[in-house]
2 protein chains.
Amino acid sequence: MSTKRNIIVGQSGGPTSVINSSLAGVYKTAQERGFNKVYGMLHGIEGFLDEQYVDLSTQIHTYMDIELLKRTPSAFLGSCRCKLPEIYESPDTYEKIFSILDKLEIEVFIYIGGNDSMDTIKKLSDYAIVHGHSQKFLGVPKTIDNDLALTDHTPGFGSAAKYIAASTKEIIRDALGLSYNKENITIIEVMGRNAGWLTGATVLARTEECVGPDLIYLPELTFDMDKFTDTVMNLLKKKKNLVIAVSEGIKLEDGRYVCELSGGADYVDAFGHKQLQGTAAYLANYLGAKIGCKTRAVEFSTLQRSASHIASRTDIDEAFMVGGAAVKAADEGDTGKMVVIDRVSDDPYMAAAGIYDVHRIANNEKLVPREWINKEGNFVTQEFIDYVKPLIQGSYHPFMVNGLPQHLVLNMNNK
Amino acid sequence: MSTKRNIIVGQSGGPTSVINSSLAGVYKTAQERGFNKVYGMLHGIEGFLDEQYVDLSTQIHTYMDIELLKRTPSAFLGSCRCKLPEIYESPDTYEKIFSILDKLEIEVFIYIGGNDSMDTIKKLSDYAIVHGHSQKFLGVPKTIDNDLALTDHTPGFGSAAKYIAASTKEIIRDALGLSYNKENITIIEVMGRNAGWLTGATVLARTEECVGPDLIYLPELTFDMDKFTDTVMNLLKKKKNLVIAVSEGIKLEDGRYVCELSGGADYVDAFGHKQLQGTAAYLANYLGAKIGCKTRAVEFSTLQRSASHIASRTDIDEAFMVGGAAVKAADEGDTGKMVVIDRVSDDPYMAAAGIYDVHRIANNEKLVPREWINKEGNFVTQEFIDYVKPLIQGSYHPFMVNGLPQHLVLNMNNK
């Protein structure tokens with residue numbers, strides 16, 4: 001007779017193509033290891049505090065459902081952007097959380113997310129130890145931005161990079177098919193406010209049958225409009241068709257984002273976040289006016305984080321692996337830890353799950369190292385390519401139903 | 001001994017995911033029917049006039065190359081946007097064309113493109129008949145916009161519709177995963193300046209596990225900002241998460257495009273075309289300010305016409321079929337004709353190639369009929385769905401190499 005009790009898992013932060021593969025990994029390993037119930041909190045810790053949760057066995061009925069979950073983008077359970085208060089600031093919050101955990105007979109709490117989620121794991125495991133609670137708290141990393149420290153890379157990044165590289169290839173084909181004796185510039189805008197990992201991934205479009213992007217500008221370096229214009233004009237002397245990738249977060253020396261230069265009213269959303277959209281549109285208009293040639297802007301927008309129909313198999317498998325590894329670690333007594341991906345070897349690529357004390361995770365972002373960007377600051381180096389390339393390998397075929405990829409979605413009628 | 005001489009094929013107009021499948025169909029049928037050489041003109045009639053062409057046997061070596069060509073987006077041979085002058089305006093142009101055709105011993109001239117391309121076929125076949133030239137001229141339709149008359153639908157439309165529907169599903173998942181007790185509006189901008197076929201295709205995201213878009217605005221009807229705002233505010237009382245699809249070409253009653261309202265300088269490209277980008281961004285900003293909720297804009301941009309990695313098998317097959325049918329028709333003596341797709345049956349879906357006199361093709365655009373748009377003008381009807389749904393069915397797996405879809409590209413070293 002199993003003495004194991006229940007487990008609860010939540011998802012937090014921005015969507016990715018593979019955050020549900022981690023959820024699937026948690027569920028499968030929890031079942032295999034004989035946990036009683038596997039609960040999913042709805043909309044992360046925010047929903048949990050409202051006692052919003054679901055017994056996952058009412059949602060995942062078959063192995064096919066697990067496979068479908070692995071192919072479903074965005075947070076199956078719903079996500080949140082919520083940072084827990086410090087323990088001394090709001091002991092009530094913590095008492096409430098632990099009373100719900102006790103009520104649900106939770107033995108293991110797993111949280112899939114980015115930096116804020118690891119902070120949640122740290123606070124809850126600290127609180128549990130100080131107050132003599134027996135629950136284990138484990139973190140599973142996730143972010144398309146790849147800006148988390150300690151882990152070689154983050155689940156979600158590989159699939160976003162694959163979508164970006166494949167789309168860049170298609171855009172380059174599109175541009176080459178059109179231009180004949182005419183200058184033609186395409187500016188591609190990629191996500192990543194401070195970290196250029198995704199923008200750099202456009203380099204992977206450089207293959208045996210594709211020249212790839214001509215210039216790549218990461219947010220790690222200051223962007224100089226004049227230097228940029230000169231570089232473009234010089235390149236146009238050599239080739240008529242240019243494709244340029246820029247990060248949404250490129251900034252001028254004076255600290256202004258390039259997208260702020262468009263002169264329109266600064267668009268600030270309802271939460272006061274400055275919207276960074278419009279960098280490519282601004283640069284396309286600028287070059288069009290300056291050079292008098294045809295230009296166009298392409299923003300990959302939210303599709304780059306949710307296009308699970310072309311997710312990386314490596315990424316899906318690793319996301320699944322770290323989900324399972326978190327359950328295993330907790331089951332073996334770990335708490336206050338984050339599961340990470342350790343790269344065992346580049347060629348052939350091999351990776352394994354590792355584990356780190358969540359207290360060691362500083363809140364700093366992992367940026368692209370200066371030496372992985374070329375001297376001129378307008379391209380990435382071979383080291384960058386060698387690092388990213390393994391992460392986009394392989395595919396899972398979507399389950400196509402009536403011509404479209406099928407997803408597993410929460411069915412509250414089953415609850 | 002075959003008495004057949006040579007055939008030449010060209011591509012014109014905007015890229016699609018399947019224009020190369022038509023090229024593959026032309027090539028394969030031309031070979032099977034014993035034509036001597038199959039030439040490809042580079043960048044359509046514009047390149048042809050510069051004597052830019054290639055012997056396709058130097059580019060397509062194997063059946064696998066044909067399969068790869070079917071999976072390659074954009075114009076393999078390069079495209080152009082070129083309308084031939086009237087015959088009486090520039091007889092020299094026509095004399096030049098026919099002297100090149102004679103030099104290359106061309107028996108059949110096939111042109112894959114939209115309205116302008118059919119105009120080219122008409123003029124060349126007229127000229128040939130009047131001047132006693134024996135060449136046959138056949139047109140193969142192509143456009144993502146689906147705005148060509150006489151054909152049930154155009155090759156290229158189904159794949160664009162499939163990409164749009166699949167991406168809309170992923171965007172809806174993305175939005176649902178994020179919002180918890182907060183209002184959230186996503187505006188999706190879809191191509192189609194005058195015809196709403198592609199914008200309407202977002203409706204296909206409504207499946208057994210996805211609610212689909214909430215509102216759909218086509219360019220066929222006048223757009224009313226106040227009515228739009230009221231509709232959105234009423235809907236927000238019922239649900240917190242809205243996804244709205246709009247055509248890039250929606251216009252106010254006074255004739256201004258919605259994207260012109262942003263107040264910035266009108267962006268006109270180097271060719272004097274008004275750029276229509278920015279409709280979704282404008283509406284997202286407008287609603288964000290008006291309602292005070294989180295909004296975001298997604299532009300599908302050029303990816304919707306070049307995302308061959310998720311092309312429709314039905315579309316690829318039909319594009320291949322009409323390419324082959326054009327060769328067959330010419331070989332059997334037809335000239336001055338366009339091959340079309342006739343829908344034989346909706347359920348089960350069956351289609352066959354038909355043929356029309358190119359003189360019957362007026363230059364008017366086929367728009368979405370008023371009765372296929374709901375009374376309120378903010379959604380499409382079941383008839384629309386029944387029409388589009390068969391066209392996105394089935395997939396061809398991309399040939400994945402190093403994690404990315406491989407394409408067949410012109411190799412001028414082989415020439």
# chains A, B, ... in the order shown; residues from 1 in each chain; ligands from 1

call {"tool": "interface_residues", "arguments": {"of": "chain A", "to": "chain B", "cutoff": "6 Å", "atoms": "only C-alpha atoms", "output": "VMD selection string"}}
result
chain A and resid 74 to 75 78 to 79 166 170 173 to 174 177 to 178 270 292 to 294 306 392 to 394 403 to 404

call {"tool": "write_last_selection", "arguments": {"atoms": "C-alpha atoms", "output": "CSV table (one decimal), in the first residue's frame"}}
result
chain,number,residue,atom,x,y,z
A,74,SER,CA,0.4,27.9,-24.0
A,75,ALA,CA,-0.4,27.0,-20.4
A,78,GLY,CA,-3.7,28.8,-17.3
A,79,SER,CA,-0.8,31.0,-16.2
A,166,ALA,CA,12.1,28.2,-40.2
A,170,GLU,CA,10.6,31.2,-45.7
A,173,ARG,CA,12.6,32.7,-50.1
A,174,ASP,CA,9.7,35.1,-50.3
A,177,GLY,CA,11.3,35.3,-55.4
A,178,LEU,CA,10.1,38.9,-55.7
A,270,ALA,CA,-3.0,49.1,-19.0
A,292,GLY,CA,14.3,55.1,-51.6
A,293,CYS,CA,14.0,51.3,-52.0
A,294,LYS,CA,11.3,48.9,-51.2
A,306,SER,CA,3.0,29.5,-29.3
A,392,ILE,CA,16.0,23.0,-32.8
A,393,GLN,CA,16.5,19.4,-33.9
A,394,GLY,CA,13.7,17.0,-34.6
A,403,GLY,CA,-6.7,20.0,-41.4
A,404,LEU,CA,-5.6,21.7,-38.2

call {"tool": "residues_around", "arguments": {"residues": "Val258 of chain B", "least_positions_apart": "3", "cutoff": "10 Å", "atoms": "only C-alpha atoms", "output": "PyMOL selection string"}}
result
chain B and resi 223-225+247-252+255+261-262+276-280+282-283

call {"tool": "select_by_dssp", "arguments": {"residues": "segment 108-262 of chain B", "states": "strand (DSSP E or B)", "output": "MDAnalysis selection string"}}
result
chainID B and resid 108:113 136:141 184:190 207 210 215:217 241:247 251 257

call {"tool": "select_by_dssp", "arguments": {"residues": "segment 126-294 of chain B", "states": "alpha helix (DSSP H)", "output": "PDB file with C-alpha atoms, in the first residue's frame"}}
result
ATOM      1  CA  ASP B 126      -3.974  37.098 -79.579  1.00  0.00           C
ATOM      2  CA  TYR B 127      -0.712  38.275 -81.103  1.00  0.00           C
ATOM      3  CA  ALA B 128       0.245  34.750 -82.121  1.00  0.00           C
ATOM      4  CA  ILE B 129      -3.061  34.155 -83.888  1.00  0.00           C
ATOM      5  CA  VAL B 130      -3.019  37.504 -85.672  1.00  0.00           C
ATOM      6  CA  PHE B 157      -5.459  30.264 -51.035  1.00  0.00           C
ATOM      7  CA  GLY B 158      -5.931  26.953 -49.206  1.00  0.00           C
ATOM      8  CA  SER B 159      -2.420  26.944 -47.766  1.00  0.00           C
ATOM      9  CA  ALA B 160      -2.631  30.559 -46.659  1.00  0.00           C
ATOM     10  CA  ALA B 161      -6.012  29.803 -45.082  1.00  0.00           C
ATOM     11  CA  LYS B 162      -4.549  26.787 -43.298  1.00  0.00           C
ATOM     12  CA  TYR B 163      -1.648  28.801 -41.914  1.00  0.00           C
ATOM     13  CA  ILE B 164      -4.031  31.522 -40.797  1.00  0.00           C
ATOM     14  CA  ALA B 165      -6.438  29.089 -39.144  1.00  0.00           C
ATOM     15  CA  ALA B 166      -3.679  27.133 -37.383  1.00  0.00           C
ATOM     16  CA  SER B 167      -1.973  30.322 -36.190  1.00  0.00           C
ATOM     17  CA  THR B 168      -5.279  31.754 -34.995  1.00  0.00           C
ATOM     18  CA  LYS B 169      -5.836  28.591 -32.939  1.00  0.00           C
ATOM     19  CA  GLU B 170      -2.393  28.946 -31.397  1.00  0.00           C
ATOM     20  CA  ILE B 171      -2.957  32.625 -30.667  1.00  0.00           C
ATOM     21  CA  ILE B 172      -6.283  31.863 -28.987  1.00  0.00           C
ATOM     22  CA  ARG B 173      -4.579  29.232 -26.804  1.00  0.00           C
ATOM     23  CA  ASP B 174      -1.867  31.750 -26.003  1.00  0.00           C
ATOM     24  CA  ALA B 175      -4.440  34.358 -24.960  1.00  0.00           C
ATOM     25  CA  LEU B 176      -6.527  31.922 -22.910  1.00  0.00           C
ATOM     26  CA  GLY B 177      -3.477  30.678 -21.053  1.00  0.00           C
ATOM     27  CA  LEU B 178      -2.606  34.175 -19.925  1.00  0.00           C
ATOM     28  CA  TRP B 197     -11.367  35.396 -48.041  1.00  0.00           C
ATOM     29  CA  LEU B 198      -8.232  35.107 -45.910  1.00  0.00           C
ATOM     30  CA  THR B 199      -9.584  37.114 -42.996  1.00  0.00           C
ATOM     31  CA  GLY B 200     -12.720  34.972 -43.051  1.00  0.00           C
ATOM     32  CA  MET B 225     -15.406  52.532 -35.269  1.00  0.00           C
ATOM     33  CA  ASP B 226     -18.260  53.347 -32.889  1.00  0.00           C
ATOM     34  CA  LYS B 227     -20.255  50.257 -33.723  1.00  0.00           C
ATOM     35  CA  PHE B 228     -17.063  48.218 -33.363  1.00  0.00           C
ATOM     36  CA  THR B 229     -16.322  49.693 -29.936  1.00  0.00           C
ATOM     37  CA  ASP B 230     -19.898  49.053 -28.753  1.00  0.00           C
ATOM     38  CA  THR B 231     -19.797  45.470 -29.967  1.00  0.00           C
ATOM     39  CA  VAL B 232     -16.495  44.849 -28.191  1.00  0.00           C
ATOM     40  CA  MET B 233     -17.670  46.443 -24.937  1.00  0.00           C
ATOM     41  CA  ASN B 234     -20.859  44.380 -24.970  1.00  0.00           C
ATOM     42  CA  LEU B 235     -18.933  41.185 -25.616  1.00  0.00           C
ATOM     43  CA  LEU B 236     -16.555  41.964 -22.742  1.00  0.00           C
ATOM     44  CA  LYS B 237     -19.530  41.787 -20.395  1.00  0.00           C
ATOM     45  CA  LYS B 238     -19.895  38.127 -21.338  1.00  0.00           C
ATOM     46  CA  THR B 279      -4.589  48.206 -38.804  1.00  0.00           C
ATOM     47  CA  ALA B 280      -4.406  45.778 -35.871  1.00  0.00           C
ATOM     48  CA  ALA B 281      -1.888  47.948 -34.006  1.00  0.00           C
ATOM     49  CA  TYR B 282      -4.144  50.975 -34.400  1.00  0.00           C
ATOM     50  CA  LEU B 283      -7.247  49.138 -33.191  1.00  0.00           C
ATOM     51  CA  ALA B 284      -5.368  47.532 -30.288  1.00  0.00           C
ATOM     52  CA  ASN B 285      -4.076  50.914 -29.114  1.00  0.00           C
ATOM     53  CA  TYR B 286      -7.493  52.465 -29.609  1.00  0.00           C
ATOM     54  CA  LEU B 287      -9.317  49.830 -27.568  1.00  0.00           C
ATOM     55  CA  GLY B 288      -6.599  49.788 -24.927  1.00  0.00           C
ATOM     56  CA  ALA B 289      -7.001  53.525 -24.380  1.00  0.00           C
ATOM     57  CA  LYS B 290     -10.797  53.437 -24.629  1.00  0.00           C
ATOM     58  CA  ILE B 291     -11.472  50.437 -22.399  1.00  0.00           C
TER      59      ILE B 291
END

call {"tool": "atom_distance", "arguments": {"atom1": "atom CA of Val140 of chain A", "atom2": "atom CA of Lys366 of chain A"}}
result
16.9 Å

call {"tool": "decode", "arguments": {"residues": "segment 137-158 of chain B", "atoms": "N, CA and C atoms", "output": "PDB file, in the first residue's frame"}}
result
ATOM      1  N   PHE B 137      -0.437  29.314 -75.748  1.00  0.00           N
ATOM      2  CA  PHE B 137      -0.253  30.085 -74.516  1.00  0.00           C
ATOM      3  C   PHE B 137      -1.320  29.703 -73.491  1.00  0.00           C
ATOM      4  N   LEU B 138      -0.865  29.231 -72.348  1.00  0.00           N
ATOM      5  CA  LEU B 138      -1.795  28.767 -71.318  1.00  0.00           C
ATOM      6  C   LEU B 138      -1.497  29.437 -69.978  1.00  0.00           C
ATOM      7  N   GLY B 139      -2.555  29.759 -69.233  1.00  0.00           N
ATOM      8  CA  GLY B 139      -2.383  30.368 -67.927  1.00  0.00           C
ATOM      9  C   GLY B 139      -2.746  29.410 -66.800  1.00  0.00           C
ATOM     10  N   VAL B 140      -1.999  29.493 -65.719  1.00  0.00           N
ATOM     11  CA  VAL B 140      -2.277  28.700 -64.515  1.00  0.00           C
ATOM     12  C   VAL B 140      -2.505  29.680 -63.363  1.00  0.00           C
ATOM     13  N   PRO B 141      -3.683  29.615 -62.725  1.00  0.00           N
ATOM     14  CA  PRO B 141      -3.990  30.637 -61.713  1.00  0.00           C
ATOM     15  C   PRO B 141      -3.203  30.431 -60.421  1.00  0.00           C
ATOM     16  N   LYS B 142      -3.018  31.506 -59.707  1.00  0.00           N
ATOM     17  CA  LYS B 142      -2.282  31.510 -58.448  1.00  0.00           C
ATOM     18  C   LYS B 142      -2.555  32.807 -57.725  1.00  0.00           C
ATOM     19  N   THR B 143      -3.036  32.751 -56.537  1.00  0.00           N
ATOM     20  CA  THR B 143      -3.035  33.911 -55.634  1.00  0.00           C
ATOM     21  C   THR B 143      -3.604  33.487 -54.292  1.00  0.00           C
ATOM     22  N   ILE B 144      -2.962  33.948 -53.226  1.00  0.00           N
ATOM     23  CA  ILE B 144      -3.480  33.625 -51.895  1.00  0.00           C
ATOM     24  C   ILE B 144      -4.815  34.327 -51.655  1.00  0.00           C
ATOM     25  N   ASP B 145      -5.053  35.406 -52.392  1.00  0.00           N
ATOM     26  CA  ASP B 145      -6.226  36.238 -52.103  1.00  0.00           C
ATOM     27  C   ASP B 145      -7.549  35.621 -52.546  1.00  0.00           C
ATOM     28  N   ASN B 146      -7.473  34.622 -53.422  1.00  0.00           N
ATOM     29  CA  ASN B 146      -8.679  33.913 -53.890  1.00  0.00           C
ATOM     30  C   ASN B 146      -9.666  34.850 -54.584  1.00  0.00           C
ATOM     31  N   ASP B 147      -9.157  35.891 -55.212  1.00  0.00           N
ATOM     32  CA  ASP B 147     -10.057  36.893 -55.792  1.00  0.00           C
ATOM     33  C   ASP B 147     -10.189  36.782 -57.308  1.00  0.00           C
ATOM     34  N   LEU B 148      -9.800  35.625 -57.856  1.00  0.00           N
ATOM     35  CA  LEU B 148      -9.905  35.426 -59.296  1.00  0.00           C
ATOM     36  C   LEU B 148     -11.276  34.856 -59.660  1.00  0.00           C
ATOM     37  N   ALA B 149     -11.863  35.385 -60.707  1.00  0.00           N
ATOM     38  CA  ALA B 149     -13.168  34.900 -61.155  1.00  0.00           C
ATOM     39  C   ALA B 149     -13.018  33.572 -61.908  1.00  0.00           C
ATOM     40  N   LEU B 150     -14.119  32.926 -62.169  1.00  0.00           N
ATOM     41  CA  LEU B 150     -14.244  31.703 -62.978  1.00  0.00           C
ATOM     42  C   LEU B 150     -13.761  30.432 -62.285  1.00  0.00           C
ATOM     43  N   THR B 151     -12.659  30.512 -61.552  1.00  0.00           N
ATOM     44  CA  THR B 151     -12.177  29.325 -60.843  1.00  0.00           C
ATOM     45  C   THR B 151     -12.873  29.260 -59.475  1.00  0.00           C
ATOM     46  N   ASP B 152     -13.204  28.039 -59.036  1.00  0.00           N
ATOM     47  CA  ASP B 152     -13.878  27.909 -57.736  1.00  0.00           C
ATOM     48  C   ASP B 152     -13.047  28.554 -56.637  1.00  0.00           C
ATOM     49  N   HIS B 153     -11.755  28.338 -56.717  1.00  0.00           N
ATOM     50  CA  HIS B 153     -10.815  28.965 -55.786  1.00  0.00           C
ATOM     51  C   HIS B 153      -9.458  28.959 -56.460  1.00  0.00           C
ATOM     52  N   THR B 154      -8.494  29.663 -55.885  1.00  0.00           N
ATOM     53  CA  THR B 154      -7.180  29.739 -56.518  1.00  0.00           C
ATOM     54  C   THR B 154      -6.153  28.929 -55.742  1.00  0.00           C
ATOM     55  N   PRO B 155      -5.264  28.234 -56.451  1.00  0.00           N
ATOM     56  CA  PRO B 155      -4.141  27.606 -55.764  1.00  0.00           C
ATOM     57  C   PRO B 155      -3.376  28.670 -54.970  1.00  0.00           C
ATOM     58  N   GLY B 156      -2.989  28.316 -53.771  1.00  0.00           N
ATOM     59  CA  GLY B 156      -2.307  29.268 -52.879  1.00  0.00           C
ATOM     60  C   GLY B 156      -3.221  29.716 -51.751  1.00  0.00           C
ATOM     61  N   PHE B 157      -4.519  29.807 -52.054  1.00  0.00           N
ATOM     62  CA  PHE B 157      -5.459  30.264 -51.035  1.00  0.00           C
ATOM     63  C   PHE B 157      -5.577  29.247 -49.892  1.00  0.00           C
ATOM     64  N   GLY B 158      -5.717  27.982 -50.237  1.00  0.00           N
ATOM     65  CA  GLY B 158      -5.931  26.953 -49.206  1.00  0.00           C
ATOM     66  C   GLY B 158      -4.793  26.891 -48.201  1.00  0.00           C
TER      67      GLY B 158
END
